[in-house]
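K.L.:
Next comes the structure file protein_10.tsv, holding TSV, C-alpha atoms and all ligand atoms.
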```tsv
chain	number	residue	atom	x	y	z
A	8	MET	CA	-33.60	15.07	-88.21
A	9	GLU	CA	-35.26	17.85	-86.24
A	10	ASN	CA	-38.50	16.23	-85.22
A	11	LYS	CA	-38.55	14.81	-81.65
A	12	ARG	CA	-41.15	12.22	-82.66
A	13	TYR	CA	-38.78	10.87	-85.31
A	14	ASP	CA	-35.98	10.74	-82.75
A	15	ASP	CA	-38.23	8.62	-80.53
A	16	LEU	CA	-39.16	6.45	-83.51
A	17	TYR	CA	-35.47	5.99	-84.34
A	18	ASN	CA	-34.74	4.91	-80.76
A	19	LYS	CA	-37.61	2.45	-80.78
A	20	LEU	CA	-36.56	1.01	-84.16
A	21	SER	CA	-32.98	0.69	-82.88
A	22	GLY	CA	-34.30	-1.90	-80.42
A	23	ILE	CA	-35.44	-4.05	-83.34
A	24	PHE	CA	-32.91	-3.44	-86.12
A	25	ASP	CA	-29.19	-4.31	-85.90
A	26	GLU	CA	-26.91	-1.31	-86.18
A	27	ASP	CA	-26.01	-2.18	-89.77
A	28	SER	CA	-29.72	-2.04	-90.69
A	29	ILE	CA	-30.85	1.33	-89.32
A	30	PHE	CA	-29.55	4.77	-90.22
A	31	LYS	CA	-30.56	8.39	-89.69
A	32	ASP	CA	-30.18	11.43	-91.94
A	33	VAL	CA	-29.48	9.25	-94.95
A	34	PRO	CA	-28.48	11.01	-98.21
A	35	MET	CA	-30.88	9.62	-100.79
A	36	HIS	CA	-28.60	10.42	-103.72
A	37	ILE	CA	-26.59	7.33	-102.77
A	38	HIS	CA	-29.72	5.16	-102.81
A	39	THR	CA	-31.10	6.21	-106.21
A	40	SER	CA	-29.89	5.60	-109.76
A	41	PHE	CA	-30.51	9.32	-110.54
A	42	LYS	CA	-27.99	10.21	-107.79
A	43	VAL	CA	-30.23	13.06	-106.68
A	44	GLY	CA	-32.02	13.86	-103.43
A	45	GLY	CA	-31.73	15.18	-99.89
A	46	ASN	CA	-31.72	13.17	-96.66
A	47	ALA	CA	-34.29	10.70	-95.43
A	48	ASP	CA	-34.88	11.14	-91.68
A	49	ILE	CA	-34.58	7.39	-91.01
A	50	MET	CA	-33.84	4.36	-93.19
A	51	VAL	CA	-34.20	0.72	-92.22
A	52	LEU	CA	-33.11	-2.37	-94.14
A	53	PRO	CA	-35.39	-5.20	-92.99
A	54	LYS	CA	-34.23	-8.81	-93.20
A	55	ASN	CA	-37.68	-10.40	-93.27
A	56	SER	CA	-41.37	-9.55	-93.61
A	57	ASP	CA	-41.78	-9.44	-89.84
A	58	GLU	CA	-39.29	-6.56	-89.66
A	59	ILE	CA	-41.10	-4.77	-92.51
A	60	LEU	CA	-44.36	-5.09	-90.61
A	61	LYS	CA	-42.84	-3.88	-87.34
A	62	ALA	CA	-41.22	-0.88	-89.05
A	63	ALA	CA	-44.49	0.10	-90.74
A	64	GLU	CA	-46.49	-0.35	-87.52
A	65	LEU	CA	-44.05	1.75	-85.48
A	66	ALA	CA	-44.09	4.50	-88.12
A	67	LYS	CA	-47.88	4.61	-87.80
A	68	GLU	CA	-47.67	4.63	-84.00
A	69	TYR	CA	-45.30	7.63	-84.10
A	70	ASP	CA	-47.39	9.32	-86.78
A	71	ALA	CA	-44.46	9.30	-89.19
A	72	PRO	CA	-44.89	8.84	-92.94
A	73	TYR	CA	-43.16	5.75	-94.33
A	74	PHE	CA	-42.11	4.91	-97.84
A	75	VAL	CA	-40.95	1.57	-99.27
A	76	ILE	CA	-38.23	1.55	-101.90
A	77	GLY	CA	-36.56	-1.18	-103.88
A	78	ASN	CA	-33.40	-0.33	-105.78
A	79	GLY	CA	-34.29	3.36	-106.25
A	80	SER	CA	-34.09	3.09	-110.04
A	81	ASN	CA	-37.37	4.86	-110.77
A	82	LEU	CA	-37.19	7.63	-108.20
A	83	LEU	CA	-36.56	11.35	-108.17
A	84	VAL	CA	-36.13	12.40	-104.53
A	85	GLY	CA	-36.61	16.08	-103.66
A	86	ASP	CA	-33.67	18.25	-102.54
A	87	TYR	CA	-35.18	18.61	-99.06
A	88	GLY	CA	-35.24	14.87	-98.54
A	89	ILE	CA	-37.86	12.44	-97.29
A	90	GLU	CA	-39.71	13.06	-94.08
A	91	GLY	CA	-40.13	10.05	-91.79
A	92	LEU	CA	-39.05	6.51	-92.53
A	93	VAL	CA	-37.72	4.85	-95.68
A	94	ILE	CA	-37.97	1.05	-95.70
A	95	LYS	CA	-35.45	-0.20	-98.26
A	96	LEU	CA	-35.87	-3.78	-99.47
A	97	SER	CA	-33.28	-4.12	-102.21
A	98	GLY	CA	-30.77	-6.92	-101.71
A	99	ARG	CA	-31.89	-8.04	-98.22
A	100	ILE	CA	-35.22	-9.83	-98.68
A	101	SER	CA	-34.10	-11.39	-101.91
A	102	ASN	CA	-34.47	-15.14	-101.91
A	103	VAL	CA	-35.40	-16.79	-105.23
A	104	GLU	CA	-36.72	-20.37	-105.17
A	105	ILE	CA	-37.32	-22.50	-108.25
A	106	ASP	CA	-40.50	-24.57	-108.26
A	107	GLY	CA	-40.88	-26.63	-111.46
A	108	ASP	CA	-41.54	-24.21	-114.33
A	109	SER	CA	-42.15	-21.36	-111.88
A	110	LEU	CA	-40.14	-19.45	-109.36
A	111	TYR	CA	-40.93	-17.49	-106.23
A	112	ALA	CA	-38.94	-14.30	-105.71
A	113	GLU	CA	-38.89	-12.09	-102.63
A	114	ALA	CA	-39.49	-8.36	-103.05
A	115	GLY	CA	-35.86	-7.22	-102.70
A	116	ALA	CA	-34.50	-9.63	-105.31
A	117	ARG	CA	-32.92	-7.80	-108.25
A	118	LEU	CA	-34.51	-8.54	-111.62
A	119	ALA	CA	-31.08	-9.40	-113.05
A	120	SER	CA	-30.54	-12.06	-110.35
A	121	ILE	CA	-33.99	-13.53	-110.93
A	122	ALA	CA	-33.35	-13.65	-114.69
A	123	LEU	CA	-29.99	-15.37	-114.15
A	124	LYS	CA	-31.49	-17.91	-111.77
A	125	ALA	CA	-34.20	-18.65	-114.34
A	126	GLN	CA	-31.54	-19.04	-117.04
A	127	VAL	CA	-29.41	-21.41	-114.97
A	128	ASN	CA	-32.54	-23.51	-114.42
A	129	SER	CA	-33.46	-23.48	-118.15
A	130	LEU	CA	-36.58	-21.35	-117.62
A	131	THR	CA	-37.56	-18.90	-120.33
A	132	GLY	CA	-39.89	-15.88	-120.16
A	133	PHE	CA	-37.98	-13.50	-117.90
A	134	GLU	CA	-35.26	-12.41	-120.36
A	135	PHE	CA	-37.02	-9.06	-120.94
A	136	ALA	CA	-36.44	-8.06	-117.30
A	137	HIS	CA	-32.75	-8.92	-117.08
A	138	GLY	CA	-31.58	-5.38	-117.98
A	139	ILE	CA	-34.11	-3.46	-115.85
A	140	PRO	CA	-32.12	-2.28	-112.81
A	141	GLY	CA	-34.91	-2.70	-110.26
A	142	THR	CA	-36.19	-5.19	-107.70
A	143	LEU	CA	-39.11	-7.58	-107.94
A	144	GLY	CA	-41.17	-5.29	-105.65
A	145	GLY	CA	-40.51	-2.14	-107.68
A	146	ALA	CA	-41.13	-3.99	-110.93
A	147	VAL	CA	-44.47	-5.45	-109.77
A	148	MET	CA	-45.60	-2.08	-108.47
A	149	MET	CA	-44.68	-0.35	-111.78
A	150	ASN	CA	-45.63	-3.30	-113.99
A	151	ALA	CA	-42.16	-2.84	-115.44
A	152	GLY	CA	-41.71	-3.97	-118.99
A	153	ALA	CA	-39.39	-3.98	-121.96
A	154	TYR	CA	-39.04	-5.43	-125.44
A	155	GLY	CA	-42.64	-6.56	-125.76
A	156	SER	CA	-43.14	-8.14	-122.35
A	157	GLU	CA	-44.02	-6.93	-118.88
A	158	MET	CA	-44.50	-8.23	-115.34
A	159	LYS	CA	-48.20	-8.75	-116.03
A	160	SER	CA	-47.31	-11.48	-118.57
A	161	VAL	CA	-45.37	-13.58	-116.05
A	162	ILE	CA	-46.93	-13.00	-112.62
A	163	GLU	CA	-49.07	-15.79	-111.21
A	164	TYR	CA	-49.71	-14.15	-107.84
A	165	VAL	CA	-48.27	-11.50	-105.53
A	166	ASP	CA	-47.99	-11.61	-101.73
A	167	ALA	CA	-48.29	-8.26	-100.00
A	168	LEU	CA	-48.85	-6.62	-96.63
A	169	ASP	CA	-52.06	-4.64	-96.53
A	170	GLU	CA	-52.64	-1.45	-94.55
A	171	LYS	CA	-53.90	-3.44	-91.55
A	172	GLY	CA	-50.75	-5.59	-91.46
A	173	ASN	CA	-52.36	-8.70	-92.96
A	174	ILE	CA	-50.52	-10.75	-95.55
A	175	VAL	CA	-52.73	-11.01	-98.63
A	176	ARG	CA	-52.27	-12.98	-101.86
A	177	LEU	CA	-53.49	-11.37	-105.09
A	178	CYS	CA	-53.80	-13.36	-108.31
A	179	ASN	CA	-52.71	-11.76	-111.58
A	180	GLU	CA	-56.15	-10.26	-112.37
A	181	GLU	CA	-56.47	-8.82	-108.86
A	182	CYS	CA	-53.18	-6.94	-109.38
A	183	GLU	CA	-55.00	-4.81	-112.02
A	184	PHE	CA	-51.86	-4.36	-114.05
A	185	GLY	CA	-51.93	-1.57	-116.64
A	186	TYR	CA	-49.26	0.33	-118.50
A	187	ARG	CA	-46.66	1.09	-115.77
A	188	THR	CA	-49.28	0.79	-113.07
A	189	SER	CA	-50.91	-1.75	-110.77
A	190	VAL	CA	-53.34	-1.94	-107.89
A	191	PHE	CA	-50.33	-1.54	-105.57
A	192	GLU	CA	-49.82	2.01	-106.82
A	193	ARG	CA	-53.30	2.97	-105.75
A	194	ASN	CA	-53.21	1.55	-102.22
A	195	ASN	CA	-50.55	1.33	-99.58
A	196	TYR	CA	-49.69	-2.35	-99.92
A	197	ILE	CA	-46.11	-3.46	-99.42
A	198	ILE	CA	-45.17	-6.15	-101.94
A	199	LEU	CA	-43.39	-9.08	-100.22
A	200	GLY	CA	-42.85	-11.49	-103.08
A	201	ALA	CA	-44.37	-13.02	-106.18
A	202	LYS	CA	-44.77	-16.30	-107.98
A	203	ILE	CA	-43.58	-16.04	-111.56
A	204	LYS	CA	-44.75	-18.48	-114.20
A	205	LEU	CA	-42.15	-19.33	-116.83
A	206	SER	CA	-41.65	-22.24	-119.21
A	207	ALA	CA	-38.93	-24.74	-120.04
A	208	GLY	CA	-36.33	-23.43	-122.45
A	209	ASP	CA	-32.77	-23.82	-123.61
A	210	LYS	CA	-30.08	-22.37	-121.31
A	211	ASP	CA	-27.85	-21.15	-124.14
A	212	GLU	CA	-30.71	-19.58	-126.08
A	213	ILE	CA	-31.94	-17.82	-122.94
A	214	MET	CA	-28.45	-16.43	-122.28
A	215	ALA	CA	-28.08	-15.35	-125.91
A	216	GLU	CA	-31.40	-13.48	-125.74
A	217	MET	CA	-30.44	-11.71	-122.49
A	218	ARG	CA	-27.14	-10.65	-124.09
A	219	ARG	CA	-28.91	-9.44	-127.24
A	220	LEU	CA	-31.34	-7.29	-125.24
A	221	MET	CA	-28.50	-5.91	-123.09
A	222	GLU	CA	-26.62	-4.96	-126.23
A	223	LEU	CA	-29.70	-3.12	-127.54
A	224	ARG	CA	-29.86	-1.19	-124.27
A	225	ARG	CA	-26.18	-0.27	-124.45
A	226	GLU	CA	-26.60	0.96	-128.03
A	227	LYS	CA	-29.72	3.05	-127.40
A	228	GLN	CA	-29.62	4.19	-123.77
A	229	PRO	CA	-27.34	6.65	-121.94
A	230	PHE	CA	-25.79	3.97	-119.73
A	231	ASP	CA	-22.87	6.15	-118.74
A	232	MET	CA	-25.00	8.83	-117.03
A	233	PRO	CA	-27.22	8.59	-113.92
A	234	SER	CA	-30.94	8.53	-114.69
A	235	ALA	CA	-34.15	6.81	-113.68
A	236	GLY	CA	-34.68	5.21	-117.08
A	237	SER	CA	-37.45	6.58	-119.31
A	238	THR	CA	-38.55	9.79	-117.66
A	239	PHE	CA	-41.99	9.86	-119.27
A	240	LYS	CA	-44.68	7.30	-119.99
A	241	ARG	CA	-45.35	6.51	-123.62
A	242	PRO	CA	-48.26	8.69	-124.77
A	243	ALA	CA	-51.08	7.03	-126.73
A	244	ASN	CA	-49.99	6.12	-130.28
A	245	ASN	CA	-46.69	7.92	-129.92
A	246	PHE	CA	-43.25	7.87	-128.29
A	247	ALA	CA	-42.10	10.38	-125.68
A	248	GLY	CA	-38.50	10.34	-127.00
A	249	GLY	CA	-39.66	11.04	-130.59
A	250	LEU	CA	-41.86	13.97	-129.56
A	251	ILE	CA	-39.08	15.45	-127.39
A	252	GLU	CA	-36.62	15.17	-130.25
A	253	GLN	CA	-39.06	16.73	-132.73
A	254	ALA	CA	-39.58	19.58	-130.26
A	255	GLY	CA	-35.84	20.31	-130.56
A	256	LEU	CA	-35.07	19.35	-126.97
A	257	LYS	CA	-32.63	16.47	-127.46
A	258	GLY	CA	-29.53	17.60	-125.55
A	259	TYR	CA	-31.40	20.49	-123.86
A	260	ARG	CA	-29.49	21.27	-120.67
A	261	TYR	CA	-30.32	23.27	-117.55
A	262	LYS	CA	-27.37	23.53	-115.17
A	263	ASN	CA	-26.46	19.90	-114.34
A	264	ALA	CA	-29.58	18.19	-115.69
A	265	MET	CA	-30.11	17.40	-119.34
A	266	VAL	CA	-32.27	15.63	-121.90
A	267	SER	CA	-29.90	12.88	-123.01
A	268	ASP	CA	-28.34	13.54	-126.41
A	269	LYS	CA	-28.31	9.76	-126.95
A	270	HIS	CA	-31.98	9.03	-126.16
A	271	ALA	CA	-34.36	11.98	-125.75
A	272	GLY	CA	-36.69	9.92	-123.54
A	273	PHE	CA	-34.14	10.00	-120.72
A	274	VAL	CA	-33.42	13.01	-118.50
A	275	VAL	CA	-29.90	12.50	-117.14
A	276	ASN	CA	-27.77	13.86	-114.33
A	277	CYS	CA	-24.59	15.37	-115.82
A	278	GLY	CA	-22.98	15.27	-112.35
A	279	GLY	CA	-24.14	16.97	-109.16
A	280	ALA	CA	-27.64	17.82	-110.47
A	281	THR	CA	-30.24	18.87	-107.91
A	282	ALA	CA	-33.84	17.66	-107.97
A	283	SER	CA	-34.96	21.20	-108.81
A	284	GLU	CA	-32.67	21.23	-111.87
A	285	VAL	CA	-34.08	17.87	-112.99
A	286	MET	CA	-37.62	19.18	-112.41
A	287	HIS	CA	-36.81	22.27	-114.47
A	288	VAL	CA	-35.82	20.07	-117.41
A	289	ILE	CA	-38.88	17.83	-116.94
A	290	ASN	CA	-41.24	20.83	-116.83
A	291	THR	CA	-39.61	22.50	-119.84
A	292	VAL	CA	-40.02	19.27	-121.81
A	293	ARG	CA	-43.66	18.87	-120.77
A	294	ASP	CA	-44.60	22.49	-121.56
A	295	THR	CA	-42.76	22.58	-124.89
A	296	VAL	CA	-44.13	19.24	-126.13
A	297	ASN	CA	-47.63	20.29	-125.07
A	298	GLU	CA	-47.35	23.65	-126.84
A	299	LYS	CA	-46.01	22.09	-130.05
A	300	PHE	CA	-48.02	18.87	-130.27
A	301	GLY	CA	-50.86	19.18	-127.77
A	302	VAL	CA	-49.57	16.15	-125.82
A	303	MET	CA	-49.01	16.49	-122.06
A	304	LEU	CA	-46.34	13.93	-121.18
A	305	GLU	CA	-46.88	12.10	-117.92
A	306	PRO	CA	-43.79	11.33	-115.84
A	307	GLU	CA	-43.02	7.64	-115.35
A	308	VAL	CA	-40.45	8.51	-112.69
A	309	LYS	CA	-41.89	8.63	-109.16
A	310	MET	CA	-41.27	11.95	-107.44
A	311	ILE	CA	-41.00	11.60	-103.70
A	312	GLY	CA	-40.04	13.75	-100.74
A	313	ARG	CA	-39.85	17.50	-100.30
A	314	PHE	CA	-39.02	19.56	-103.37
A	315	GLU	CA	-39.26	22.99	-101.67
A	401	LIG	C1	-30.94	2.65	-116.95
A	401	LIG	C2	-32.38	2.31	-116.59
A	401	LIG	C3	-33.15	1.54	-117.44
A	401	LIG	C4	-34.47	1.23	-117.13
A	401	LIG	N1	-35.19	0.46	-118.00
A	401	LIG	C5	-36.48	0.17	-117.70
A	401	LIG	C6	-37.26	-0.64	-118.61
A	401	LIG	O1	-36.78	-1.11	-119.64
A	401	LIG	N2	-38.55	-0.88	-118.27
A	401	LIG	C7	-39.11	-0.40	-117.13
A	401	LIG	O2	-40.30	-0.67	-116.88
A	401	LIG	N3	-38.41	0.36	-116.27
A	401	LIG	C8	-37.11	0.65	-116.52
A	401	LIG	N4	-36.39	1.42	-115.64
A	401	LIG	C9	-37.05	1.98	-114.44
A	401	LIG	C10	-36.95	1.09	-113.17
A	401	LIG	O3	-35.77	0.30	-113.21
A	401	LIG	C11	-38.17	0.19	-113.02
A	401	LIG	O4	-39.36	0.95	-112.89
A	401	LIG	C12	-38.03	-0.75	-111.81
A	401	LIG	O5	-39.08	-1.67	-111.82
A	401	LIG	C13	-38.06	0.00	-110.47
A	401	LIG	O6	-37.69	-0.92	-109.45
A	401	LIG	P1	-36.97	-0.44	-108.12
A	401	LIG	O7	-36.80	-1.61	-107.24
A	401	LIG	O8	-35.74	0.33	-108.45
A	401	LIG	O9	-38.09	0.52	-107.52
A	401	LIG	P2	-37.94	1.98	-106.81
A	401	LIG	O10	-37.37	2.89	-107.83
A	401	LIG	O11	-37.14	1.78	-105.56
A	401	LIG	O12	-39.41	2.28	-106.51
A	401	LIG	C14	-40.34	2.51	-107.57
A	401	LIG	C15	-41.75	2.53	-106.98
A	401	LIG	O13	-42.06	1.23	-106.51
A	401	LIG	C16	-42.42	1.27	-105.13
A	401	LIG	N5	-41.92	0.05	-104.53
A	401	LIG	C17	-40.68	-0.48	-104.60
A	401	LIG	N6	-40.62	-1.64	-103.93
A	401	LIG	C18	-41.86	-1.85	-103.40
A	401	LIG	C19	-42.44	-2.87	-102.60
A	401	LIG	N7	-41.75	-3.95	-102.21
A	401	LIG	N8	-43.74	-2.74	-102.23
A	401	LIG	C20	-44.46	-1.66	-102.61
A	401	LIG	N9	-43.98	-0.66	-103.39
A	401	LIG	C21	-42.69	-0.76	-103.78
A	401	LIG	C22	-41.77	2.53	-104.58
A	401	LIG	O14	-42.48	2.99	-103.46
A	401	LIG	C23	-41.88	3.47	-105.79
A	401	LIG	O15	-43.17	4.05	-105.83
A	401	LIG	C24	-35.05	1.73	-115.93
A	401	LIG	C25	-34.28	2.50	-115.06
A	401	LIG	C26	-32.95	2.80	-115.37
A	401	LIG	C27	-32.14	3.62	-114.41
```
Since I need it in another form, could you write the structure as structure tokens?
Ligand SMILES: Cc1cc2nc3c(=O)[nH]c(=O)nc-3n(C[C@H](O)[C@H](O)[C@H](O)COP(=O)(O)OP(=O)(O)OC[C@H]3O[C@@H](n4cnc5c(N)ncnc54)[C@H](O)[C@@H]3O)c2cc1C
P.N.:
Amino acid sequence: MENKRYDDLYNKLSGIFDEDSIFKDVPMHIHTSFKVGGNADIMVLPKNSDEILKAAELAKEYDAPYFVIGNGSNLLVGDYGIEGLVIKLSGRISNVEIDGDSLYAEAGARLASIALKAQVNSLTGFEFAHGIPGTLGGAVMMNAGAYGSEMKSVIEYVDALDEKGNIVRLCNEECEFGYRTSVFERNNYIILGAKIKLSAGDKDEIMAEMRRLMELRREKQPFDMPSAGSTFKRPANNFAGGLIEQAGLKGYRYKNAMVSDKHAGFVVNCGGATASEVMHVINTVRDTVNEKFGVMLEPEVKMIGRFE
């Protein structure tokens, strides 16, 4: 961290966050499923929404950019790291409360934990999300989905912090969910939690369905290699993985980054890949698929930080 302003911000934040909740010069490869990325200047792990608000307000006061992350499972962080403050929510703000046929989950709750809590309470409708390795906040923001369902189908409302520091409640329609997008992507809201509407089901059947979907993932996806899941969004009337395979790029490797030879929709880290190596593979895939089929693939993975 070379910027004096960020040093001052760190000192100020240290007055609010316990020493196990604030860090400087944090290697982002240990906070992302891709295992790629340089250092973030500062990272805080808030315990409640008040700490999130204070961290965001102080970042603004010190003119430092801030970035909220969940479990880092949809991120490619640049080799030169993230300037300013990273506010990481995964695991800390993670309470899940059952309320009849619904549940309320805080932003840092892992989808797998929410799904298991729903199962234990005989609530069906969240099985699709059990194998997605993200948090509630990241999943709402991305409108994460799998196996024919998505967050849009189960969200009743979302609580978020707006740019002015007010807590706002948005109903499902106001979230403007689309394919891997939401209103939260287009503004700077921080998702705090969400009410999820489920329905009564059978515990054993819910567990069996979660196991079935997990088995499908294990069969089809490169579970043994670091990635951020599907690298590209599904193009209209087509599949990214299919186009990449037809373009002859399944298994294409550049240094330590590669198009998975198990599922061409995943770019994987073969071990020690840099963000620039991953970007090289992503750009080669995009250019080649565009040349061959006239389809420009759009990354689903969020690229953050400094790449050069
Ligand atoms: C093996 C594997 C399989 C996957 N399978 C799927 C799948 O089937 N379906 C699918 O949709 N995705 C899948 N993904 C991608 C990823 O898990 C999802 O997009 C997930 O929802 C991201 O959640 P996260 O907490 O990790 O978010 P992060 O990766 O930490 O962040 C993603 C984005 O959300 C924002 N964000 C995170 N938390 C908040 C918050 N509280 N408030 C505001 N913004 C926030 C971040 O700023 C960032 O822009 C997979 C990934 C992997 C590695």
K.L.:
With all atoms listed in the file as the basis for distance, which of A:Asn297, A:Thr131, A:Ser234, A:Ser189 is at the shortest distance from A:Leu250?
P.N.:
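The shortest atom-to-atom distance to A:Leu250 comes from A:Asn297.
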K.L.:
Calculated over all atoms listed in the file, which of the candidates A:Phe184, A:Ala136, A:Lys202, A:Leu220 has the smallest distance to A:Lys159?
P.N.:
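Looking only at the distances to A:Lys159, the closest residue turns out to be A:Phe184.
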K.L.:
Please, which residues are within 10 Å of (-35.3, -15.6, -121.5) by the file's coordinates, counting only C-alpha atoms, and could they come as a PyMOL selection string?
P.N.:
chain A and resi 122-123+125-126+129-137+205-218+220
K.L.:
Using all atoms listed in the file, determine which residues lie at most 8 Å from stretch 238-243 of chain A, disregarding the query and same-chain residues fewer than 5 positions distant; provide the list as a ChimeraX atom specification.
P.N.:
/A:187,272-274,302,304-308
K.L.:
Choose the residue, out of A:Leu199, A:Met303, A:Val103, A:Cys182, that has the smallest atom-to-atom separation from ligand LIG 401 (chain A); count all atoms listed in the file.
P.N.:
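Closest candidate: A:Leu199.
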K.L.:
Just give me the gap between atom CA of A:Asn78 and atom CA of A:Leu65 in Å, one decimal is fine.
P.N.:
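Computed distance, atom CA of A:Asn78 to atom CA of A:Leu65, equals 23.0 Å.
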K.L.:
Can you sort out the box for stretch 76-92 of chain A, edges along x, y and z, all listed atoms in, 3 Å on every side, with centre and edge lengths in Å to one decimal, as JSON?
P.N.:
```
{"center_x": -36.8, "center_y": 8.7, "center_z": -101.3, "size_x": 12.7, "size_y": 25.8, "size_z": 25.0}
```
K.L.:
I'd like to know which of A:Cys277, A:Ile251, A:Val51, A:Val165 is closest to A:Tyr111, using only C-alpha atoms.
P.N.:
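Closest candidate: A:Val165.
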K.L.:
With only C-alpha atoms as the atoms that count, which of A:Asn245, A:Pro140, A:Ala151, A:Pro233 lies nearest to A:Ala280?
P.N.:
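The closest residue to A:Ala280 is A:Pro233.
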K.L.:
My list of candidates is A:Leu177, A:Leu110, A:Ile197, A:Leu92. Which is closest to ligand LIG 401 (chain A) when distances are computed with all atoms listed in the file?
P.N.:
A:Ile197
K.L.:
Please report the interatomic distance between atom CA of A:Phe191 and atom C6 of ligand LIG 401 (chain A) in Å with one decimal.
P.N.:
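Here the two named atoms are 18.5 Å from each other.
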